[in-house]
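In what follows, a single structure is set out as structure tokens and then discussed.
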Amino acid sequence: MKLDEAVHMWDPEPGWLNTASYGIPPEPAFEELQGALAEWRRGANGWDKWDRSTGRAREAFARLTGVASEDVAVGTSAAQVLAPVAASLPPGSRVVVPDVEQTSNLFPWLVQDLDVRTVPPADLPGAIDERTDAVAFSLVQSATGEVADAGAVVAAARAHGALVVADATQAVGWLPVDAAPFDVLAVSAYKWLMCPRGTAFCYVSPAVRDRIRPIAANWYAGEGDASYGPPLRLAKDARRFDIAAPWFSYVAAAPTLELLLEIGIGPIHDHDVGMANRFRAGLGMPPGDSAIVSVARPGAAERLAEAGIRASVRKGAARLAFHLYTTEADVDTAIAALG
């Protein structure tokens with residue numbers, strides 16, 4: 001399905017340039033969610049019908065990121081799916097993290113007895129050495145939209161035997177991402193993947209699976225019927241890291257991710273970066289490679305709001321995010337507001 005054929009399935013009010021905060025659902029997802037809520041209200045069926053959406057969403061996410069579905073765990077947030085990884089490192093392990101990292105990929109490390117070192121994002125590959133046990137970084141920085149040199153980070157980590165953990169929350173959905181080169185890749189899906197809040201996915205490489213302790217072990221992560229009594233019987237694949245999924249969030253997630261597969265991330269990437277660069281050119285800024293643009297101009301956020309542009313403020317700068325439903329009119333309104 002071509003992007004221009006699918007975009008009518010979204011209906012945002014003009015001026016929504018804030019997908020880096022949350023994404024807008026397509027019509028099929030909203031309709032499936034309304035149907036499930038109506039069933040819930042009437043007690044029309046068992047929860048297993050809604051839970052089948054979790055399997056659909058897991059499979060779609062795996063296809064979007066080029067990995068096997070059995071290597072993908074489901075959860076509710078990036079911090080929640082990363083917590084077992086951080087908790088499984090030996091005390092005193094050194095973890096290198098960018099100094100502007102969003103705290104969902106920082107606090108899980110800081111709360112453990114670990115030696116966490118922060119460096120500027122551009123310095124990350126050079127900061128990984130023989131003392132590094134793990135590196136944790138975002139593929140796209142939340143505050144600035146900076147796209148990481150993931151290849152350089154992975155190469156440096158592999159050269160020193162360090163675990164590679166990526167947060168792709170601000171990447172998957174507009175940036176083509178192959179999860180396989182990483183040991184762990186976590187995504188909160190309510191932004192660029194446009195799922196409800198309460199949906200998250202985590203790729204766990206089979207090579208490191210047994211090094212991570214499933215600290216939230218529960219019946220949903222079990223093998224077969226694991227509802228009552230011992231012994232411990234967890235899934236052999238990445239499902240051992242699942243938590244019991246919030247049904248309605250995944251009911252809407254499945255059709256959204258399936259629609260993204262139909263459209264293709266390549267065309268979405270070209271559209272999103274094209275809109276971002278139209279905006280950058282209108283302000284006299286050089287072109288970039290990100291769908292997120294940070295503008296550090298006095299009064300920028302207020303002027304955008306007055307023009308009906310919904311954006312956000314991060315680290316003192318206005319942050320604008322351009323996604324598949326962004327129109328040229330949205331971009332031009334933002335340019336006029338700041339010009």
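In the structure tokens, chains take letters A, B, ... by order of appearance, with residues numbered from 1 within each chain and ligands from 1 in the order shown.
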Any chance you could tabulate, as a Markdown table, the residues of range 61-90 of chain A at most 12 Å from range 248-259 of chain A with each one's nearest atom pair and distance in Å to one decimal, using only C-alpha atoms, in chain and rising number order?
| residue | atom | partner | partner_atom | distance |
| --- | --- | --- | --- | --- |
| A:Phe61 | CA | A:Leu257 | CA | 6.7 |
| A:Ala62 | CA | A:Leu257 | CA | 10.1 |
| A:Arg63 | CA | A:Glu258 | CA | 9.4 |
| A:Leu64 | CA | A:Leu257 | CA | 8.1 |
| A:Thr65 | CA | A:Leu257 | CA | 11.3 |
| A:Val74 | CA | A:Tyr250 | CA | 9.7 |
| A:Gly75 | CA | A:Tyr250 | CA | 10.0 |
| A:Thr76 | CA | A:Ser249 | CA | 9.1 |
| A:Ser77 | CA | A:Ser249 | CA | 11.8 |
Write a file of the just-selected residues containing all heavy atoms, as a PDB file, in the first residue's frame.
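Output file result_13.pdb follows:
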ATOM      1  N   PHE A  61       5.928  -6.481  14.915  1.00  0.00           N
ATOM      2  CA  PHE A  61       7.125  -5.766  15.364  1.00  0.00           C
ATOM      3  C   PHE A  61       8.383  -6.507  14.927  1.00  0.00           C
ATOM      4  O   PHE A  61       9.360  -5.889  14.485  1.00  0.00           O
ATOM      5  CB  PHE A  61       7.125  -5.595  16.879  1.00  0.00           C
ATOM      6  CG  PHE A  61       8.373  -4.928  17.398  1.00  0.00           C
ATOM      7  CD1 PHE A  61       8.500  -3.541  17.372  1.00  0.00           C
ATOM      8  CD2 PHE A  61       9.440  -5.678  17.880  1.00  0.00           C
ATOM      9  CE1 PHE A  61       9.657  -2.923  17.820  1.00  0.00           C
ATOM     10  CE2 PHE A  61      10.600  -5.073  18.329  1.00  0.00           C
ATOM     11  CZ  PHE A  61      10.711  -3.688  18.300  1.00  0.00           C
ATOM     12  N   ALA A  62       8.380  -7.830  15.059  1.00  0.00           N
ATOM     13  CA  ALA A  62       9.544  -8.616  14.647  1.00  0.00           C
ATOM     14  C   ALA A  62       9.838  -8.401  13.169  1.00  0.00           C
ATOM     15  O   ALA A  62      11.001  -8.231  12.766  1.00  0.00           O
ATOM     16  CB  ALA A  62       9.299 -10.095  14.943  1.00  0.00           C
ATOM     17  N   ARG A  63       8.806  -8.382  12.341  1.00  0.00           N
ATOM     18  CA  ARG A  63       9.009  -8.159  10.902  1.00  0.00           C
ATOM     19  C   ARG A  63       9.510  -6.747  10.631  1.00  0.00           C
ATOM     20  O   ARG A  63      10.362  -6.535   9.756  1.00  0.00           O
ATOM     21  CB  ARG A  63       7.711  -8.422  10.152  1.00  0.00           C
ATOM     22  CG  ARG A  63       7.292  -9.894  10.125  1.00  0.00           C
ATOM     23  CD  ARG A  63       5.944 -10.068   9.444  1.00  0.00           C
ATOM     24  NE  ARG A  63       5.973  -9.552   8.064  1.00  0.00           N
ATOM     25  CZ  ARG A  63       4.883  -9.308   7.347  1.00  0.00           C
ATOM     26  NH1 ARG A  63       3.670  -9.495   7.883  1.00  0.00           N
ATOM     27  NH2 ARG A  63       4.983  -8.851   6.114  1.00  0.00           N
ATOM     28  N   LEU A  64       9.013  -5.770  11.388  1.00  0.00           N
ATOM     29  CA  LEU A  64       9.466  -4.381  11.199  1.00  0.00           C
ATOM     30  C   LEU A  64      10.944  -4.220  11.517  1.00  0.00           C
ATOM     31  O   LEU A  64      11.621  -3.358  10.946  1.00  0.00           O
ATOM     32  CB  LEU A  64       8.652  -3.443  12.085  1.00  0.00           C
ATOM     33  CG  LEU A  64       7.247  -3.081  11.613  1.00  0.00           C
ATOM     34  CD1 LEU A  64       6.463  -2.403  12.728  1.00  0.00           C
ATOM     35  CD2 LEU A  64       7.301  -2.177  10.376  1.00  0.00           C
ATOM     36  N   THR A  65      11.456  -5.041  12.418  1.00  0.00           N
ATOM     37  CA  THR A  65      12.853  -4.897  12.858  1.00  0.00           C
ATOM     38  C   THR A  65      13.744  -6.047  12.399  1.00  0.00           C
ATOM     39  O   THR A  65      14.892  -6.143  12.827  1.00  0.00           O
ATOM     40  CB  THR A  65      12.917  -4.767  14.395  1.00  0.00           C
ATOM     41  OG1 THR A  65      12.236  -5.877  15.000  1.00  0.00           O
ATOM     42  CG2 THR A  65      12.282  -3.466  14.852  1.00  0.00           C
ATOM     43  N   VAL A  74       7.208  -8.858  25.085  1.00  0.00           N
ATOM     44  CA  VAL A  74       6.263  -7.747  25.145  1.00  0.00           C
ATOM     45  C   VAL A  74       6.178  -7.222  26.574  1.00  0.00           C
ATOM     46  O   VAL A  74       6.388  -7.954  27.536  1.00  0.00           O
ATOM     47  CB  VAL A  74       4.853  -8.166  24.660  1.00  0.00           C
ATOM     48  CG1 VAL A  74       4.900  -8.599  23.203  1.00  0.00           C
ATOM     49  CG2 VAL A  74       4.262  -9.263  25.535  1.00  0.00           C
ATOM     50  N   GLY A  75       5.887  -5.930  26.669  1.00  0.00           N
ATOM     51  CA  GLY A  75       5.773  -5.296  27.974  1.00  0.00           C
ATOM     52  C   GLY A  75       4.971  -4.022  27.873  1.00  0.00           C
ATOM     53  O   GLY A  75       4.141  -3.866  26.975  1.00  0.00           O
ATOM     54  N   THR A  76       5.268  -3.089  28.776  1.00  0.00           N
ATOM     55  CA  THR A  76       4.473  -1.859  28.840  1.00  0.00           C
ATOM     56  C   THR A  76       5.286  -0.586  28.642  1.00  0.00           C
ATOM     57  O   THR A  76       4.717   0.459  28.334  1.00  0.00           O
ATOM     58  CB  THR A  76       3.747  -1.753  30.184  1.00  0.00           C
ATOM     59  OG1 THR A  76       4.709  -1.741  31.245  1.00  0.00           O
ATOM     60  CG2 THR A  76       2.786  -2.922  30.383  1.00  0.00           C
ATOM     61  N   SER A  77       6.608  -0.626  28.831  1.00  0.00           N
ATOM     62  CA  SER A  77       7.433   0.569  28.659  1.00  0.00           C
ATOM     63  C   SER A  77       8.877   0.160  28.431  1.00  0.00           C
ATOM     64  O   SER A  77       9.272  -0.972  28.762  1.00  0.00           O
ATOM     65  CB  SER A  77       7.349   1.489  29.882  1.00  0.00           C
ATOM     66  OG  SER A  77       8.034   0.915  30.989  1.00  0.00           O
TER      67      SER A  77
END
Residue contacts of range 9-23 of chain A (9 Å, only C-alpha atoms) excluding same-chain residues fewer than 5 positions away, as a PyMOL selection string:
chain A and resi 28+142+169-170+189-197+292+307-312+319-323+325-327+329-331+333-334
Set the distance at 12 Å and use only C-alpha atoms: which residues neighbour Glu70 in chain A once local chain neighbours fewer than 6 positions away are removed? I'd like the list as a ChimeraX atom specification.
/A:55,58-63,201-206,209,235-242
Please report, as a ChimeraX atom specification, each residue of range 102-190 of chain A to which DSSP assigns alpha helix (DSSP H) when run on this structure's backbone.
/A:107-110,124-127,150-159
Contacts of Leu338 in chain A within 10 Å, only C-alpha atoms, excl. fewer than 3 positions in-chain, as a PyMOL selection string
chain A and resi 282-283+295+297-304+307+332-335
Export of prior selection with all heavy atoms as a tab-separated table (two decimals), in the first residue's frame:
chain	number	residue	atom	x	y	z
A	282	GLY	N	13.22	26.17	5.53
A	282	GLY	CA	12.42	27.38	5.74
A	282	GLY	C	12.97	28.28	6.82
A	282	GLY	O	12.71	29.50	6.82
A	283	LEU	N	13.74	27.69	7.75
A	283	LEU	CA	14.36	28.48	8.81
A	283	LEU	C	15.84	28.76	8.55
A	283	LEU	O	16.54	29.26	9.42
A	283	LEU	CB	14.22	27.75	10.16
A	283	LEU	CG	12.79	27.58	10.69
A	283	LEU	CD1	12.83	27.02	12.11
A	283	LEU	CD2	12.01	28.88	10.68
A	295	VAL	N	14.74	23.35	17.88
A	295	VAL	CA	14.93	24.77	17.55
A	295	VAL	C	15.14	25.55	18.84
A	295	VAL	O	14.21	25.73	19.64
A	295	VAL	CB	13.71	25.33	16.79
A	295	VAL	CG1	13.93	26.81	16.46
A	295	VAL	CG2	13.45	24.53	15.52
A	297	ARG	N	15.43	28.83	19.79
A	297	ARG	CA	15.22	30.26	19.54
A	297	ARG	C	14.35	30.82	20.65
A	297	ARG	O	13.37	30.18	21.05
A	297	ARG	CB	14.54	30.49	18.19
A	297	ARG	CG	15.37	30.07	16.99
A	297	ARG	CD	14.72	30.52	15.70
A	297	ARG	NE	15.52	30.17	14.53
A	297	ARG	CZ	15.23	30.54	13.28
A	297	ARG	NH1	14.16	31.29	13.05
A	297	ARG	NH2	16.01	30.17	12.28
A	298	PRO	N	14.66	32.01	21.13
A	298	PRO	CA	13.84	32.60	22.20
A	298	PRO	C	12.38	32.71	21.77
A	298	PRO	O	12.07	33.18	20.68
A	298	PRO	CB	14.46	33.99	22.39
A	298	PRO	CG	15.88	33.84	21.91
A	298	PRO	CD	15.81	32.87	20.77
A	299	GLY	N	11.50	32.24	22.63
A	299	GLY	CA	10.07	32.35	22.37
A	299	GLY	C	9.52	31.40	21.33
A	299	GLY	O	8.35	31.50	20.94
A	300	ALA	N	10.32	30.43	20.87
A	300	ALA	CA	9.87	29.54	19.79
A	300	ALA	C	8.63	28.75	20.18
A	300	ALA	O	7.67	28.65	19.40
A	300	ALA	CB	11.01	28.60	19.40
A	301	ALA	N	8.63	28.18	21.36
A	301	ALA	CA	7.49	27.35	21.78
A	301	ALA	C	6.21	28.18	21.84
A	301	ALA	O	5.14	27.72	21.42
A	301	ALA	CB	7.78	26.71	23.13
A	302	GLU	N	6.31	29.39	22.36
A	302	GLU	CA	5.13	30.25	22.48
A	302	GLU	C	4.60	30.65	21.11
A	302	GLU	O	3.37	30.65	20.88
A	302	GLU	CB	5.47	31.49	23.30
A	302	GLU	CG	5.77	31.22	24.77
A	302	GLU	CD	7.18	30.65	25.01
A	302	GLU	OE1	8.00	30.65	24.05
A	302	GLU	OE2	7.43	30.19	26.14
A	303	ARG	N	5.50	30.96	20.19
A	303	ARG	CA	5.06	31.37	18.85
A	303	ARG	C	4.43	30.21	18.10
A	303	ARG	O	3.44	30.38	17.36
A	303	ARG	CB	6.25	31.94	18.08
A	303	ARG	CG	6.73	33.28	18.67
A	303	ARG	CD	8.12	33.65	18.22
A	303	ARG	NE	8.22	33.93	16.80
A	303	ARG	CZ	9.35	34.26	16.16
A	303	ARG	NH1	10.48	34.32	16.86
A	303	ARG	NH2	9.36	34.52	14.88
A	304	LEU	N	4.96	29.04	18.27
A	304	LEU	CA	4.36	27.87	17.64
A	304	LEU	C	2.96	27.61	18.20
A	304	LEU	O	2.01	27.34	17.44
A	304	LEU	CB	5.24	26.64	17.86
A	304	LEU	CG	6.56	26.60	17.09
A	304	LEU	CD1	7.47	25.51	17.63
A	304	LEU	CD2	6.31	26.40	15.59
A	307	ALA	N	0.34	29.83	16.84
A	307	ALA	CA	-0.01	29.51	15.45
A	307	ALA	C	-0.77	28.19	15.34
A	307	ALA	O	-1.12	27.76	14.23
A	307	ALA	CB	1.26	29.44	14.61
A	332	ASP	N	4.59	24.51	6.76
A	332	ASP	CA	4.65	25.91	6.38
A	332	ASP	C	4.08	26.82	7.47
A	332	ASP	O	4.55	27.94	7.67
A	332	ASP	CB	3.91	26.14	5.07
A	332	ASP	CG	4.62	25.46	3.88
A	332	ASP	OD1	5.81	25.08	4.03
A	332	ASP	OD2	3.98	25.29	2.83
A	333	THR	N	3.08	26.33	8.20
A	333	THR	CA	2.55	27.10	9.33
A	333	THR	C	3.62	27.25	10.40
A	333	THR	O	3.79	28.33	11.01
A	333	THR	CB	1.31	26.41	9.92
A	333	THR	OG1	0.29	26.34	8.92
A	333	THR	CG2	0.78	27.18	11.13
A	334	ALA	N	4.37	26.19	10.66
A	334	ALA	CA	5.44	26.23	11.66
A	334	ALA	C	6.55	27.18	11.20
A	334	ALA	O	7.13	27.94	12.03
A	334	ALA	CB	6.00	24.84	11.91
A	335	ILE	N	6.88	27.15	9.93
A	335	ILE	CA	7.91	28.06	9.40
A	335	ILE	C	7.48	29.51	9.57
A	335	ILE	O	8.24	30.37	10.03
A	335	ILE	CB	8.20	27.75	7.92
A	335	ILE	CG1	8.86	26.37	7.78
A	335	ILE	CG2	9.08	28.83	7.31
A	335	ILE	CD1	8.96	25.90	6.33
For Lys315 in chain A: contacts at 9 Å, only C-alpha atoms, fewer than 3 positions along chain excluded, given as an MDAnalysis selection string:
chainID A and resid 143:144 318
So that I can check the surroundings of Asp183 in chain A, please list as a PyMOL selection string every protein, DNA and RNA residue that reaches within 12 Å of it, counting only C-alpha atoms and ignoring chain neighbours fewer than 5 positions away.
chain A and resi 67+71-72+82+85+134-136+154+157-158+161-167+178+202-212
Let's have the selection written as a tab-separated table (two decimals), in the first residue's frame, with N, CA and C atoms.
chain	number	residue	atom	x	y	z
A	67	VAL	N	13.74	-9.45	12.79
A	67	VAL	CA	14.15	-10.54	13.68
A	67	VAL	C	13.01	-11.54	13.80
A	71	ASP	N	12.12	-14.11	19.43
A	71	ASP	CA	13.17	-13.34	20.10
A	71	ASP	C	12.67	-11.99	20.60
A	72	VAL	N	11.36	-11.80	20.59
A	72	VAL	CA	10.76	-10.53	20.99
A	72	VAL	C	9.88	-10.74	22.21
A	82	LEU	N	13.75	-3.03	30.01
A	82	LEU	CA	15.20	-2.95	30.21
A	82	LEU	C	15.62	-3.32	31.63
A	85	VAL	N	17.56	-6.52	32.26
A	85	VAL	CA	18.91	-6.50	31.69
A	85	VAL	C	19.86	-5.83	32.67
A	134	ALA	N	29.01	-2.93	29.37
A	134	ALA	CA	27.80	-2.72	28.57
A	134	ALA	C	27.77	-1.28	28.10
A	135	VAL	N	27.15	-1.08	26.94
A	135	VAL	CA	26.88	0.26	26.44
A	135	VAL	C	25.39	0.34	26.17
A	136	ALA	N	24.75	1.41	26.65
A	136	ALA	CA	23.32	1.61	26.47
A	136	ALA	C	23.09	2.98	25.85
A	154	VAL	N	28.35	-0.31	17.87
A	154	VAL	CA	28.35	-1.78	17.89
A	154	VAL	C	29.74	-2.32	17.65
A	157	ALA	N	31.87	-1.88	20.74
A	157	ALA	CA	31.44	-2.80	21.80
A	157	ALA	C	31.89	-4.22	21.50
A	158	ARG	N	31.74	-4.65	20.25
A	158	ARG	CA	32.15	-6.01	19.90
A	158	ARG	C	33.66	-6.19	20.06
A	161	GLY	N	34.04	-6.83	23.76
A	161	GLY	CA	33.18	-7.81	24.42
A	161	GLY	C	32.10	-7.22	25.30
A	162	ALA	N	31.66	-5.99	24.99
A	162	ALA	CA	30.65	-5.32	25.81
A	162	ALA	C	29.25	-5.63	25.28
A	163	LEU	N	28.30	-5.73	26.19
A	163	LEU	CA	26.89	-5.90	25.85
A	163	LEU	C	26.38	-4.63	25.18
A	164	VAL	N	25.59	-4.78	24.12
A	164	VAL	CA	25.07	-3.62	23.38
A	164	VAL	C	23.56	-3.53	23.57
A	165	VAL	N	23.10	-2.46	24.23
A	165	VAL	CA	21.68	-2.25	24.52
A	165	VAL	C	21.23	-0.96	23.85
A	166	ALA	N	20.23	-1.05	22.99
A	166	ALA	CA	19.74	0.12	22.27
A	166	ALA	C	18.30	0.41	22.64
A	167	ASP	N	17.99	1.69	22.82
A	167	ASP	CA	16.62	2.16	22.96
A	167	ASP	C	16.23	2.76	21.61
A	178	ASP	N	17.32	-2.49	11.90
A	178	ASP	CA	17.56	-3.93	11.99
A	178	ASP	C	18.01	-4.22	13.41
A	202	CYS	N	10.71	-5.75	23.15
A	202	CYS	CA	12.13	-5.87	23.44
A	202	CYS	C	12.71	-7.07	22.71
A	203	TYR	N	13.61	-6.79	21.76
A	203	TYR	CA	14.36	-7.86	21.12
A	203	TYR	C	15.48	-8.30	22.06
A	204	VAL	N	15.56	-9.60	22.31
A	204	VAL	CA	16.62	-10.17	23.14
A	204	VAL	C	17.34	-11.23	22.30
A	205	SER	N	18.58	-10.97	21.99
A	205	SER	CA	19.34	-11.90	21.16
A	205	SER	C	19.47	-13.26	21.86
A	206	PRO	N	19.28	-14.35	21.12
A	206	PRO	CA	19.48	-15.67	21.73
A	206	PRO	C	20.87	-15.83	22.34
A	207	ALA	N	21.85	-15.08	21.83
A	207	ALA	CA	23.22	-15.20	22.34
A	207	ALA	C	23.35	-14.72	23.78
A	208	VAL	N	22.45	-13.83	24.22
A	208	VAL	CA	22.56	-13.28	25.59
A	208	VAL	C	21.36	-13.64	26.45
A	209	ARG	N	20.42	-14.36	25.91
A	209	ARG	CA	19.16	-14.63	26.62
A	209	ARG	C	19.39	-15.25	27.99
A	210	ASP	N	20.30	-16.21	28.05
A	210	ASP	CA	20.52	-16.92	29.32
A	210	ASP	C	21.31	-16.10	30.34
A	211	ARG	N	21.85	-14.95	29.91
A	211	ARG	CA	22.58	-14.08	30.83
A	211	ARG	C	21.65	-13.13	31.57
A	212	ILE	N	20.38	-13.07	31.16
A	212	ILE	CA	19.44	-12.11	31.71
A	212	ILE	C	18.43	-12.85	32.59
